[in-house]
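Colleague: Please find data33.cif (mmCIF, C-alpha atoms) on the next line:
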```
data_my_file
loop_
_atom_site.label_atom_id
_atom_site.label_comp_id
_atom_site.auth_asym_id
_atom_site.auth_seq_id
_atom_site.Cartn_x
_atom_site.Cartn_y
_atom_site.Cartn_z
CA MET A 1 108.24 -26.99 -38.58
CA ILE A 2 107.79 -30.66 -37.67
CA HIS A 3 104.88 -30.89 -40.12
CA GLU A 4 106.99 -29.45 -42.97
CA SER A 5 109.90 -31.77 -42.16
CA SER A 6 107.70 -34.89 -42.17
CA ARG A 7 106.18 -33.86 -45.48
CA LEU A 8 109.65 -33.26 -46.96
CA VAL A 9 110.77 -36.72 -45.83
CA ALA A 10 107.66 -38.27 -47.40
CA ASP A 11 108.30 -36.45 -50.68
CA ILE A 12 111.93 -37.57 -50.74
CA GLU A 13 110.94 -41.17 -50.07
CA ALA A 14 108.46 -40.98 -52.95
CA LEU A 15 111.21 -40.06 -55.43
CA PRO A 16 112.08 -42.92 -57.82
CA ASP A 17 115.41 -44.73 -57.49
CA PHE A 18 116.10 -44.28 -61.20
CA ARG A 19 114.73 -42.45 -64.24
CA ILE A 20 113.50 -43.98 -67.49
CA PHE A 21 113.90 -42.23 -70.85
CA GLY A 22 112.56 -42.80 -74.35
CA ARG A 23 112.73 -40.93 -77.65
CA VAL A 24 110.18 -39.14 -79.83
CA THR A 25 109.76 -41.10 -83.07
CA ALA A 26 106.86 -39.23 -84.74
CA VAL A 27 104.70 -36.12 -84.35
CA GLN A 28 101.37 -35.85 -86.15
CA GLY A 29 99.06 -32.97 -85.32
CA LEU A 30 98.95 -32.92 -81.52
CA LEU A 31 99.83 -36.62 -81.24
CA ILE A 32 103.36 -37.61 -80.22
CA GLU A 33 104.75 -41.14 -80.60
CA VAL A 34 107.44 -42.20 -78.14
CA ALA A 35 109.49 -45.40 -78.29
CA GLY A 36 111.55 -47.16 -75.64
CA VAL A 37 109.27 -46.57 -72.65
CA GLU A 38 106.02 -48.24 -73.71
CA ARG A 39 106.47 -51.11 -71.20
CA HIS A 40 106.83 -48.64 -68.34
CA LEU A 41 103.70 -46.68 -69.16
CA SER A 42 99.96 -47.22 -68.98
CA LEU A 43 96.91 -45.23 -70.05
CA GLY A 44 96.83 -41.98 -68.11
CA GLY A 45 100.56 -42.17 -67.39
CA ARG A 46 102.76 -39.09 -67.73
CA CYS A 47 105.90 -38.23 -69.67
CA ALA A 48 107.95 -35.04 -69.73
CA ILE A 49 109.44 -34.35 -73.17
CA VAL A 50 112.55 -32.17 -73.29
CA ALA A 51 112.04 -29.86 -76.29
CA ARG A 52 114.73 -27.97 -78.17
CA GLY A 53 116.13 -25.30 -75.89
CA GLY A 54 115.51 -27.35 -72.75
CA ARG A 55 111.78 -26.59 -72.32
CA ARG A 56 109.94 -29.47 -70.64
CA VAL A 57 106.50 -30.34 -72.02
CA LEU A 58 104.30 -32.52 -69.81
CA CYS A 59 102.31 -35.13 -71.76
CA GLU A 60 99.79 -37.84 -70.98
CA VAL A 61 99.51 -41.32 -72.49
CA VAL A 62 96.26 -41.69 -74.45
CA GLY A 63 96.98 -44.96 -76.27
CA PHE A 64 99.50 -47.39 -77.80
CA ARG A 65 100.22 -48.34 -81.39
CA ASP A 66 102.90 -50.66 -82.87
CA ASP A 67 105.09 -50.72 -79.75
CA ARG A 68 104.85 -46.95 -79.43
CA ALA A 69 103.22 -44.88 -76.71
CA LEU A 70 100.82 -42.22 -78.00
CA LEU A 71 100.97 -38.98 -76.02
CA LEU A 72 99.12 -35.66 -76.02
CA PRO A 73 100.70 -32.51 -74.52
CA PHE A 74 99.42 -30.26 -71.75
CA ASN A 75 101.03 -27.33 -73.56
CA THR A 76 102.14 -26.32 -77.04
CA LEU A 77 104.40 -28.56 -79.12
CA ASP A 78 106.86 -25.78 -79.96
CA GLY A 79 110.42 -27.16 -80.07
CA ILE A 80 109.45 -30.85 -80.06
CA GLY A 81 110.92 -32.93 -82.87
CA LEU A 82 112.27 -36.37 -83.73
CA GLY A 83 114.76 -37.67 -81.22
CA CYS A 84 113.70 -35.45 -78.33
CA LYS A 85 114.14 -37.14 -74.96
CA ALA A 86 110.99 -38.30 -73.12
CA GLU A 87 111.22 -38.97 -69.38
CA VAL A 88 108.65 -41.13 -67.59
CA ALA A 89 106.97 -39.04 -64.85
CA GLU A 90 104.69 -39.97 -61.95
CA ALA A 91 101.85 -42.30 -62.91
CA GLN A 92 99.21 -40.97 -60.51
CA PRO A 93 99.12 -37.15 -60.38
CA THR A 94 97.98 -35.79 -57.02
CA ILE A 95 97.51 -32.47 -55.24
CA SER A 96 98.00 -31.58 -51.58
CA PRO A 97 95.48 -28.83 -50.83
CA THR A 98 94.75 -27.06 -47.54
CA PRO A 99 91.84 -24.83 -46.43
CA ALA A 100 94.18 -21.90 -47.22
CA TRP A 101 93.44 -22.52 -50.92
CA LEU A 102 90.06 -20.83 -50.40
CA GLY A 103 89.96 -17.50 -52.19
CA ARG A 104 92.51 -18.59 -54.78
CA VAL A 105 92.38 -19.17 -58.53
CA ILE A 106 94.32 -22.16 -59.86
CA ASN A 107 94.88 -23.90 -63.19
CA ALA A 108 94.30 -27.54 -64.13
CA LEU A 109 97.66 -28.57 -62.63
CA GLY A 110 96.92 -26.99 -59.24
CA GLU A 111 99.20 -23.99 -59.81
CA PRO A 112 98.11 -20.47 -58.73
CA ILE A 113 97.28 -18.12 -61.61
CA ASP A 114 95.90 -15.17 -59.62
CA GLY A 115 99.26 -13.47 -59.04
CA GLY A 116 99.18 -14.37 -55.35
CA PRO A 117 101.82 -16.15 -53.25
CA PRO A 118 102.62 -19.86 -53.71
CA LEU A 119 99.97 -22.23 -52.42
CA PRO A 120 100.70 -23.96 -49.11
CA MET A 121 100.89 -27.75 -49.37
CA GLY A 122 98.96 -30.08 -47.09
CA ASP A 123 100.16 -33.39 -45.66
CA ARG A 124 97.69 -35.57 -47.62
CA HIS A 125 97.91 -36.43 -51.30
CA GLN A 126 94.55 -36.09 -53.06
CA PRO A 127 94.28 -37.94 -56.41
CA ILE A 128 93.15 -35.68 -59.23
CA ARG A 129 91.29 -38.50 -60.94
CA SER A 130 89.45 -40.87 -58.63
CA MET A 131 86.47 -43.19 -58.79
CA PRO A 132 83.05 -42.20 -57.39
CA PRO A 133 82.11 -43.65 -53.99
CA PRO A 134 80.52 -47.13 -54.19
CA ALA A 135 76.75 -46.86 -54.60
CA HIS A 136 75.95 -49.23 -51.73
CA LYS A 137 78.12 -47.23 -49.28
CA ARG A 138 76.81 -43.79 -50.12
CA LYS A 139 74.61 -41.79 -47.79
CA ARG A 140 71.27 -40.50 -49.00
CA VAL A 141 70.84 -36.86 -49.99
CA GLY A 142 70.49 -34.50 -47.07
CA GLY A 143 68.12 -31.68 -46.27
CA LYS A 144 67.29 -28.67 -48.40
CA LEU A 145 70.13 -26.43 -49.54
CA ASP A 146 69.43 -22.71 -49.80
CA LEU A 147 70.73 -21.50 -53.19
CA GLY A 148 69.68 -17.88 -52.69
CA VAL A 149 67.61 -17.81 -55.92
CA ARG A 150 63.81 -17.72 -55.46
CA ALA A 151 62.96 -19.67 -58.60
CA LEU A 152 65.31 -22.50 -57.62
CA ASN A 153 64.47 -22.55 -53.91
CA THR A 154 60.72 -22.77 -54.45
CA PHE A 155 60.06 -24.51 -57.77
CA LEU A 156 63.27 -26.60 -58.06
CA THR A 157 64.31 -27.23 -54.48
CA CYS A 158 67.82 -28.71 -54.25
CA CYS A 159 69.05 -30.97 -51.44
CA SER A 160 72.58 -31.42 -50.11
CA GLY A 161 74.30 -34.01 -52.28
CA GLN A 162 71.98 -33.57 -55.26
CA ARG A 163 73.34 -33.04 -58.80
CA MET A 164 71.53 -30.68 -61.14
CA GLY A 165 72.20 -29.59 -64.71
CA ILE A 166 71.72 -26.06 -66.03
CA PHE A 167 70.83 -26.43 -69.72
CA ALA A 168 71.01 -23.38 -71.96
CA GLY A 169 72.28 -21.97 -75.21
CA SER A 170 75.00 -19.34 -75.35
CA GLY A 171 74.23 -15.92 -73.90
CA VAL A 172 71.13 -16.91 -71.92
CA GLY A 173 72.53 -16.22 -68.44
CA LYS A 174 74.26 -19.38 -67.19
CA SER A 175 77.29 -17.54 -65.77
CA ILE A 176 75.15 -14.94 -63.97
CA LEU A 177 73.00 -17.68 -62.41
CA MET A 178 76.15 -19.52 -61.31
CA SER A 179 77.58 -16.38 -59.71
CA MET A 180 74.32 -15.72 -57.83
CA VAL A 181 74.24 -19.26 -56.46
CA SER A 182 77.92 -19.19 -55.44
CA ARG A 183 77.47 -15.90 -53.57
CA TYR A 184 74.18 -16.59 -51.82
CA THR A 185 74.21 -20.33 -51.14
CA SER A 186 74.18 -21.68 -47.59
CA ALA A 187 76.85 -24.28 -48.49
CA ASP A 188 80.11 -24.11 -46.53
CA VAL A 189 82.45 -24.02 -49.55
CA SER A 190 82.10 -23.42 -53.29
CA VAL A 191 84.40 -25.01 -55.87
CA ILE A 192 83.97 -23.42 -59.29
CA GLY A 193 85.38 -24.94 -62.49
CA LEU A 194 85.55 -22.70 -65.57
CA ILE A 195 86.21 -25.24 -68.32
CA GLY A 196 87.03 -23.90 -71.79
CA GLU A 197 85.96 -20.40 -70.73
CA ARG A 198 86.65 -17.32 -72.84
CA GLY A 199 89.87 -15.73 -71.60
CA ARG A 200 88.48 -12.21 -71.28
CA GLU A 201 85.49 -13.39 -69.23
CA VAL A 202 87.51 -15.05 -66.45
CA GLN A 203 88.43 -11.78 -64.70
CA GLU A 204 84.91 -10.43 -65.23
CA PHE A 205 83.39 -13.50 -63.60
CA ILE A 206 85.80 -13.48 -60.65
CA HIS A 207 85.71 -9.75 -59.85
CA ASP A 208 82.29 -8.58 -61.09
CA ASP A 209 80.01 -11.62 -60.86
CA LEU A 210 81.57 -13.64 -58.02
CA GLY A 211 82.96 -10.67 -56.12
CA PRO A 212 85.21 -10.62 -53.02
CA GLU A 213 82.50 -12.13 -50.81
CA GLY A 214 81.93 -15.12 -53.08
CA LEU A 215 85.63 -15.63 -53.81
CA ALA A 216 86.55 -15.70 -50.11
CA ARG A 217 84.84 -19.06 -49.62
CA SER A 218 85.56 -20.47 -53.07
CA VAL A 219 88.31 -22.15 -55.05
CA VAL A 220 88.18 -21.32 -58.76
CA VAL A 221 89.75 -23.72 -61.30
CA VAL A 222 90.33 -22.20 -64.74
CA ALA A 223 91.21 -23.65 -68.15
CA THR A 224 90.53 -21.23 -71.00
CA SER A 225 89.42 -22.22 -74.49
CA ASP A 226 92.88 -21.64 -75.99
CA GLU A 227 94.53 -24.24 -73.74
CA ALA A 228 95.26 -27.81 -74.82
CA PRO A 229 92.39 -30.32 -74.61
CA LEU A 230 94.21 -32.23 -71.85
CA MET A 231 94.29 -29.07 -69.72
CA ARG A 232 90.57 -28.47 -70.28
CA ARG A 233 89.72 -32.06 -69.37
CA GLN A 234 92.03 -32.06 -66.35
CA ALA A 235 90.46 -28.82 -65.09
CA ALA A 236 87.19 -30.74 -64.70
CA PHE A 237 88.98 -33.51 -62.79
CA MET A 238 90.76 -30.90 -60.64
CA THR A 239 87.42 -29.25 -59.80
CA LEU A 240 85.99 -32.52 -58.50
CA ALA A 241 89.25 -33.34 -56.66
CA MET A 242 89.07 -30.03 -54.78
CA ALA A 243 85.39 -30.65 -53.96
CA GLU A 244 86.24 -34.15 -52.66
CA TYR A 245 88.98 -32.71 -50.44
CA PHE A 246 86.59 -30.30 -48.70
CA ARG A 247 83.87 -32.98 -48.56
CA ASP A 248 86.28 -35.27 -46.68
CA LEU A 249 86.83 -32.43 -44.18
CA GLY A 250 83.10 -32.67 -43.38
CA LYS A 251 82.06 -29.62 -45.38
CA ASN A 252 78.91 -29.24 -47.45
CA VAL A 253 80.43 -28.32 -50.79
CA LEU A 254 78.71 -26.66 -53.73
CA CYS A 255 80.50 -27.71 -56.93
CA LEU A 256 79.77 -25.48 -59.93
CA MET A 257 81.13 -26.39 -63.36
CA ASP A 258 80.81 -24.38 -66.57
CA SER A 259 80.58 -26.38 -68.68
CA VAL A 260 80.19 -30.14 -69.09
CA THR A 261 79.86 -29.60 -72.84
CA ARG A 262 83.36 -28.15 -73.12
CA PHE A 263 84.69 -31.07 -71.08
CA ALA A 264 83.03 -33.40 -73.61
CA MET A 265 84.51 -31.42 -76.50
CA ALA A 266 87.98 -31.73 -74.97
CA GLN A 267 87.46 -35.49 -74.59
CA ARG A 268 86.33 -35.62 -78.22
CA GLU A 269 89.57 -33.98 -79.37
CA ILE A 270 91.61 -36.40 -77.26
CA GLY A 271 89.70 -39.47 -78.45
CA LEU A 272 89.85 -38.56 -82.14
CA ALA A 273 93.57 -37.75 -81.91
CA ALA A 274 94.16 -41.18 -80.36
CA GLY A 275 92.38 -42.85 -83.29
CA GLU A 276 88.95 -43.61 -81.81
CA PRO A 277 86.07 -43.90 -84.27
CA PRO A 278 83.64 -40.95 -84.22
CA THR A 279 80.01 -41.65 -83.37
CA THR A 280 77.11 -39.20 -82.87
CA LYS A 281 78.17 -35.64 -83.81
CA GLY A 282 81.78 -36.81 -83.94
CA TYR A 283 81.96 -37.79 -80.26
CA PRO A 284 83.96 -40.99 -79.70
CA PRO A 285 82.73 -43.69 -77.29
CA THR A 286 85.08 -42.60 -74.48
CA THR A 287 83.22 -39.28 -74.20
CA PHE A 288 80.05 -41.03 -73.08
CA ALA A 289 82.06 -43.33 -70.82
CA GLU A 290 83.85 -40.41 -69.11
CA LEU A 291 80.73 -38.34 -68.42
CA PRO A 292 79.26 -40.58 -65.67
CA LYS A 293 82.72 -41.11 -64.15
CA LEU A 294 83.04 -37.35 -63.76
CA LEU A 295 79.51 -36.47 -62.70
CA GLU A 296 79.07 -39.38 -60.27
CA ARG A 297 81.99 -38.06 -58.20
CA ALA A 298 79.59 -35.40 -56.94
CA GLY A 299 76.89 -36.38 -54.48
CA PRO A 300 76.71 -37.62 -50.89
CA GLY A 301 79.86 -39.05 -49.32
CA GLU A 302 80.31 -42.54 -47.91
CA SER A 303 78.56 -43.53 -44.71
CA GLY A 304 80.86 -43.33 -41.71
CA LYS A 305 83.23 -40.83 -43.35
CA GLY A 306 81.89 -37.59 -41.94
CA ALA A 307 78.92 -35.41 -42.76
CA GLY A 308 80.32 -33.86 -45.93
CA SER A 309 78.62 -33.90 -49.31
CA ILE A 310 79.08 -32.42 -52.79
CA THR A 311 76.07 -30.69 -54.31
CA GLY A 312 76.74 -30.33 -58.03
CA LEU A 313 75.42 -27.74 -60.48
CA PHE A 314 76.77 -28.47 -63.96
CA THR A 315 76.03 -26.24 -66.92
CA VAL A 316 75.39 -27.80 -70.32
CA LEU A 317 75.80 -25.62 -73.41
CA VAL A 318 73.12 -26.98 -75.74
CA ASP A 319 74.16 -26.83 -79.39
CA GLY A 320 71.83 -24.60 -81.41
CA ASP A 321 69.34 -24.52 -78.48
CA ASP A 322 68.68 -28.22 -79.17
CA HIS A 323 68.06 -29.73 -75.72
CA ASN A 324 68.14 -33.24 -77.18
CA GLU A 325 71.63 -33.07 -78.67
CA PRO A 326 73.91 -35.98 -77.57
CA ILE A 327 75.76 -34.40 -74.61
CA ALA A 328 72.65 -32.74 -73.19
CA ASP A 329 70.70 -35.98 -73.53
CA ALA A 330 73.43 -38.09 -71.91
CA THR A 331 73.98 -35.61 -69.07
CA ARG A 332 70.27 -35.28 -68.32
CA GLY A 333 70.08 -39.05 -67.84
CA ILE A 334 72.93 -39.02 -65.29
CA LEU A 335 71.93 -36.05 -63.12
CA ASP A 336 69.21 -35.69 -60.48
CA GLY A 337 67.34 -32.91 -62.23
CA HIS A 338 67.64 -30.23 -64.87
CA ILE A 339 67.20 -26.45 -64.93
CA VAL A 340 66.26 -25.20 -68.41
CA LEU A 341 67.17 -21.62 -69.34
CA GLU A 342 65.19 -20.51 -72.38
CA ARG A 343 66.22 -17.86 -74.90
CA SER A 344 62.66 -16.63 -75.48
CA ILE A 345 62.33 -15.83 -71.75
CA ALA A 346 65.66 -14.00 -71.74
CA GLU A 347 64.62 -12.01 -74.82
CA ARG A 348 61.64 -10.58 -72.96
CA GLY A 349 63.94 -9.47 -70.14
CA ARG A 350 63.08 -11.88 -67.34
CA TYR A 351 66.21 -13.15 -65.59
CA PRO A 352 67.08 -15.76 -64.51
CA ALA A 353 65.45 -17.10 -67.68
CA ILE A 354 64.31 -20.39 -66.11
CA ASN A 355 61.49 -22.26 -67.81
CA ILE A 356 59.77 -23.64 -64.72
CA LEU A 357 57.51 -26.02 -66.65
CA ARG A 358 60.43 -27.72 -68.47
CA SER A 359 62.66 -27.94 -65.39
CA VAL A 360 62.63 -30.78 -62.85
CA SER A 361 64.20 -31.48 -59.47
CA ARG A 362 64.05 -35.20 -58.75
CA THR A 363 64.15 -34.70 -54.97
CA MET A 364 60.80 -32.92 -55.16
CA PRO A 365 58.14 -33.33 -53.83
CA ALA A 366 59.66 -35.71 -51.25
CA CYS A 367 61.76 -32.97 -49.62
CA ASN A 368 58.77 -30.61 -49.16
CA ASN A 369 55.90 -30.66 -46.69
CA ASP A 370 52.27 -30.71 -47.85
CA SER A 371 51.85 -26.94 -47.59
CA GLU A 372 54.92 -26.26 -49.73
CA ASN A 373 53.88 -28.81 -52.35
CA THR A 374 50.38 -27.31 -52.56
CA LEU A 375 51.85 -23.85 -53.18
CA VAL A 376 54.25 -25.06 -55.88
CA ASN A 377 51.67 -27.24 -57.64
CA THR A 378 49.12 -24.42 -57.69
CA ALA A 379 51.61 -21.97 -59.20
CA ARG A 380 52.72 -24.54 -61.78
CA ARG A 381 49.11 -25.22 -62.72
CA HIS A 382 48.52 -21.51 -63.35
CA LEU A 383 51.67 -21.24 -65.47
CA ALA A 384 50.74 -24.31 -67.50
CA ALA A 385 47.20 -23.06 -68.11
CA TYR A 386 48.52 -19.70 -69.30
CA GLU A 387 51.14 -21.23 -71.60
CA ASN A 388 48.53 -23.52 -73.20
CA MET A 389 46.50 -20.47 -74.23
CA ALA A 390 49.39 -17.98 -74.56
CA GLU A 391 49.09 -17.52 -78.31
CA MET A 392 45.37 -16.84 -78.20
CA ILE A 393 45.80 -14.45 -75.26
CA ARG A 394 48.50 -12.47 -77.05
CA LEU A 395 46.38 -12.25 -80.22
CA GLY A 396 43.35 -11.11 -78.21
CA ALA A 397 41.35 -14.13 -79.38
CA TYR A 398 40.60 -15.33 -75.85
CA ARG A 399 37.49 -13.86 -74.21
CA LYS A 400 37.43 -13.50 -70.45
CA GLY A 401 34.90 -15.82 -68.83
CA THR A 402 35.32 -18.63 -71.35
CA ASN A 403 37.36 -20.79 -68.97
CA ARG A 404 37.62 -20.16 -65.22
CA GLU A 405 41.01 -21.87 -64.95
CA VAL A 406 42.47 -19.72 -67.73
CA ASP A 407 40.96 -16.58 -66.17
CA GLU A 408 42.75 -17.37 -62.91
CA ALA A 409 45.98 -18.08 -64.77
CA ILE A 410 45.81 -14.67 -66.50
CA ASN A 411 45.33 -12.93 -63.15
CA PHE A 412 48.27 -14.69 -61.52
CA TYR A 413 50.66 -14.81 -64.50
CA GLU A 414 52.29 -11.39 -64.13
CA PRO A 415 52.70 -11.59 -60.31
CA ILE A 416 54.33 -15.04 -60.68
CA GLU A 417 56.61 -13.72 -63.45
CA THR A 418 57.63 -10.85 -61.15
CA PHE A 419 58.29 -13.40 -58.40
CA LEU A 420 60.57 -15.38 -60.73
CA ARG A 421 62.48 -12.25 -61.78
CA GLN A 422 65.54 -11.61 -59.60
CA GLY A 423 68.48 -9.24 -60.03
CA LYS A 424 72.01 -10.59 -59.71
CA ASP A 425 72.60 -8.44 -56.59
CA GLU A 426 69.41 -9.65 -54.90
CA SER A 427 69.19 -12.72 -52.68
CA ASP A 428 66.31 -14.56 -51.04
CA ASN A 429 66.14 -17.45 -48.59
CA LEU A 430 64.09 -20.62 -48.65
CA GLY A 431 61.35 -19.52 -46.25
CA GLY A 432 61.07 -16.06 -47.79
CA GLY A 433 60.38 -17.51 -51.23
CA TYR A 434 57.47 -19.68 -50.07
CA GLU A 435 56.02 -16.83 -48.03
CA LYS A 436 56.04 -14.46 -51.04
CA LEU A 437 54.50 -17.09 -53.30
CA ALA A 438 51.72 -17.72 -50.76
CA GLN A 439 50.94 -13.98 -50.67
CA ILE A 440 50.73 -13.85 -54.47
CA LEU A 441 48.36 -16.84 -54.64
CA GLY A 442 46.31 -15.71 -51.63
CA MET A 443 46.87 -19.03 -49.88
CA PRO A 444 47.48 -19.63 -46.15
CA TRP A 445 51.10 -20.18 -45.18
CA LYS A 446 52.79 -21.21 -41.97
CA GLY A 447 56.57 -21.06 -42.23
#
```
Kindly transcribe the structure held in the file into structure tokens.
Modeller:
Amino acid sequence: MIHESSRLVADIEALPDFRIFGRVTAVQGLLIEVAGVERHLSLGGRCAIVARGGRRVLCEVVGFRDDRALLLPFNTLDGIGLGCKAEVAEAQPTISPTPAWLGRVINALGEPIDGGPPLPMGDRHQPIRSMPPPAHKRKRVGGKLDLGVRALNTFLTCCSGQRMGIFAGSGVGKSILMSMVSRYTSADVSVIGLIGERGREVQEFIHDDLGPEGLARSVVVVATSDEAPLMRRQAAFMTLAMAEYFRDLGKNVLCLMDSVTRFAMAQREIGLAAGEPPTTKGYPPTTFAELPKLLERAGPGESGKGAGSITGLFTVLVDGDDHNEPIADATRGILDGHIVLERSIAERGRYPAINILRSVSRTMPACNNDSENTLVNTARRHLAAYENMAEMIRLGAYRKGTNREVDEAINFYEPIETFLRQGKDESDNLGGGYEKLAQILGMPWKG
């Protein structure tokens, strides 16, 4: 009771002494021009426009032009016209989460959308959009993190505080891989952001893929593809804000976001509406400026502020399976490794469809001991030798005995492929993966 009273007093004290209003002077597409309040607003500031019929539409300032503030809405523009009243809202949006938010599904504004009871409010305001920790104050990445997927644990080992990208075209298995990791990881908490997701797939992901066990220790942030670009962009910020909250509680957080590409597309819509010039593939400059600001928020926390960290797995939807398109290229340069899902592997029925030879974890081999590195390097060498001769082998043009290295690769190829194959209801731990790989290769192993 005392806690609720002190919070109520703090909220009352935070209320402004007066309110400032302006008027809508123009509406073009999704862009709204407001006059009379431009000196009281800044980029990222908020306004609530009172539409016809009394409906309030929350908007964000995205620019200024000719003594007018340029706003984009978080919702539809229905009922907004010339002369509508615009009230200046809070400049720095925040949330006040608690550990009781685990198991809940929220939208980009921090409101519950799972049909459950109202969310309890904590006593600390967490900014939705914050800067990454200073580089010189950050801790180094921690020890290995068990992701529950053999291919990742052995060939692409991830450490606490590392940031990895999952690069794939549509329909290659990104969502299934995300659900497996969120269910089987050894991290304390999972924060999952579904950015620009198809509306019908949200319930399927939550109930079928994530399941009650995965949801119980997760917070899911959802912004579907039909929502306004500001909502889709803010859902990404909300995902990182929730991850930062649990990190500051000393938790090892796994932050999963699907997808960075849809965040970039939302930023493209916002930038073009505000009048920015388009560059590569129509993306304005702010898109490439916002990507590192978002992705760098994941990672180890500051030294002296607890043991928490944010391990990030961010999916990137590559356009036309082109892994060198602008967003994929920019994201790959920011992250600490990349996991490539390949359509040709999925088409032959091996899931997760990870191309081991094209994927890299930048914490390897430093995080492994000599025995583990020898196992992984040997298996990679066999895969590479097979792939170099794959066409000739499939055509029957290769004769056994021509090359000893290729002969060995042919013998080990199918067992390694079976090792990499894993059903979505199957989990495996770090030690178990190395032990199975050692048995396949006939090499000594001491766990």
Colleague: Do you know which residues are at most 10 Å from Gly432 in chain A counting all atoms listed in the file, after dropping those on the same chain fewer than 5 positions away, and could you put them as a list in words?
Modeller: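 In the requested format, the answer is Arg150, Asn153, Thr154, Leu437, Ala438 and Gly447 of chain A.
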Colleague: Could you list, as a PyMOL selection string, every residue matched by the PyMOL selection byres ((chain A and resi 431) around 12) in this structure?
Modeller: chain A and resi 144-150+153-154+157+368+372+428-430+432-438+445-447
Colleague: With 9 Å as the threshold, what does the neighbourhood of (75.8, -21.9, -63.1) contain in terms of residues, counting only C-alpha atoms? Coordinates are those of the file; answer as an mmCIF file with C-alpha atoms, in the coordinates of the input.
Modeller:
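Result saved to selection_30.cif:
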```
data_model
loop_
_atom_site.group_PDB
_atom_site.id
_atom_site.type_symbol
_atom_site.label_atom_id
_atom_site.label_comp_id
_atom_site.auth_asym_id
_atom_site.auth_seq_id
_atom_site.Cartn_x
_atom_site.Cartn_y
_atom_site.Cartn_z
ATOM 1 C CA GLY A 165 72.200 -29.590 -64.710
ATOM 2 C CA ILE A 166 71.720 -26.060 -66.030
ATOM 3 C CA GLY A 173 72.530 -16.220 -68.440
ATOM 4 C CA LYS A 174 74.260 -19.380 -67.190
ATOM 5 C CA SER A 175 77.290 -17.540 -65.770
ATOM 6 C CA ILE A 176 75.150 -14.940 -63.970
ATOM 7 C CA LEU A 177 73.000 -17.680 -62.410
ATOM 8 C CA MET A 178 76.150 -19.520 -61.310
ATOM 9 C CA SER A 179 77.580 -16.380 -59.710
ATOM 10 C CA MET A 180 74.320 -15.720 -57.830
ATOM 11 C CA VAL A 181 74.240 -19.260 -56.460
ATOM 12 C CA SER A 182 77.920 -19.190 -55.440
ATOM 13 C CA LEU A 256 79.770 -25.480 -59.930
ATOM 14 C CA MET A 257 81.130 -26.390 -63.360
ATOM 15 C CA ASP A 258 80.810 -24.380 -66.570
ATOM 16 C CA SER A 259 80.580 -26.380 -68.680
ATOM 17 C CA LEU A 313 75.420 -27.740 -60.480
ATOM 18 C CA PHE A 314 76.770 -28.470 -63.960
ATOM 19 C CA THR A 315 76.030 -26.240 -66.920
#
```
Colleague: Could you tell me how far CA of Cys255 in chain A sits from CA of Leu240 in chain A, in Å to one decimal place?
Modeller: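 CA of Cys255 in chain A lies at a distance of 7.5 Å from CA of Leu240 in chain A.
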Colleague: Considering only C-alpha atoms, state which residue in the set A:Ile416, A:Leu317, A:Leu77, A:Leu249 is at the smallest distance from Thr98 in chain A.
Modeller: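 Of A:Ile416, A:Leu317, A:Leu77, A:Leu249, the one nearest Thr98 in chain A is A:Leu249, counting only C-alpha atoms.
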Colleague: Which residues, named as in the file, does the PyMOL selection byres ((chain A and resi 248) around 8) pick out? Answer as a list in words.
Modeller: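 Those residues are Glu244, Tyr245, Phe246, Arg247, Leu249, Gly250, Lys251, Gly301, Lys305, Gly306 and Gly308 of chain A.
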Colleague: One decimal, in Å: what's the spacing between CA of Cys84 in chain A and CA of Arg232 in chain A?
Modeller: 25.5 Å
Colleague: Between CA of Gly193 in chain A and CA of Ala236 in chain A, what distance in Å does the model show, to one decimal?
Modeller: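 Separation between CA of Gly193 in chain A and CA of Ala236 in chain A: 6.5 Å.
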Colleague: Evaluate the PyMOL selection byres ((chain A and resi 200-214) around 7) against this structure - the residues, as a VMD selection string, please.
Modeller: chain A and resid 176 179 182 to 183 198 to 199 215 to 218
Colleague: Can you pull out the residues contacting Asp226 in chain A? Cut-off 12 Å, using all atoms listed in the file, and skip same-chain residues under 2 positions away; I want them as JSON, numbers by chain.
Modeller: {"A": [74, 75, 76, 195, 196, 197, 198, 199, 200, 222, 223, 224, 228, 229, 230, 231, 232, 262, 266]}
Colleague: Using only C-alpha atoms, which residue out of A:Arg56, A:Arg350, A:Arg65, A:His40 lies closest to Gly79 in chain A?
Modeller: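 Looking at the shortest contact to Gly79 in chain A, the residue is A:Arg56.
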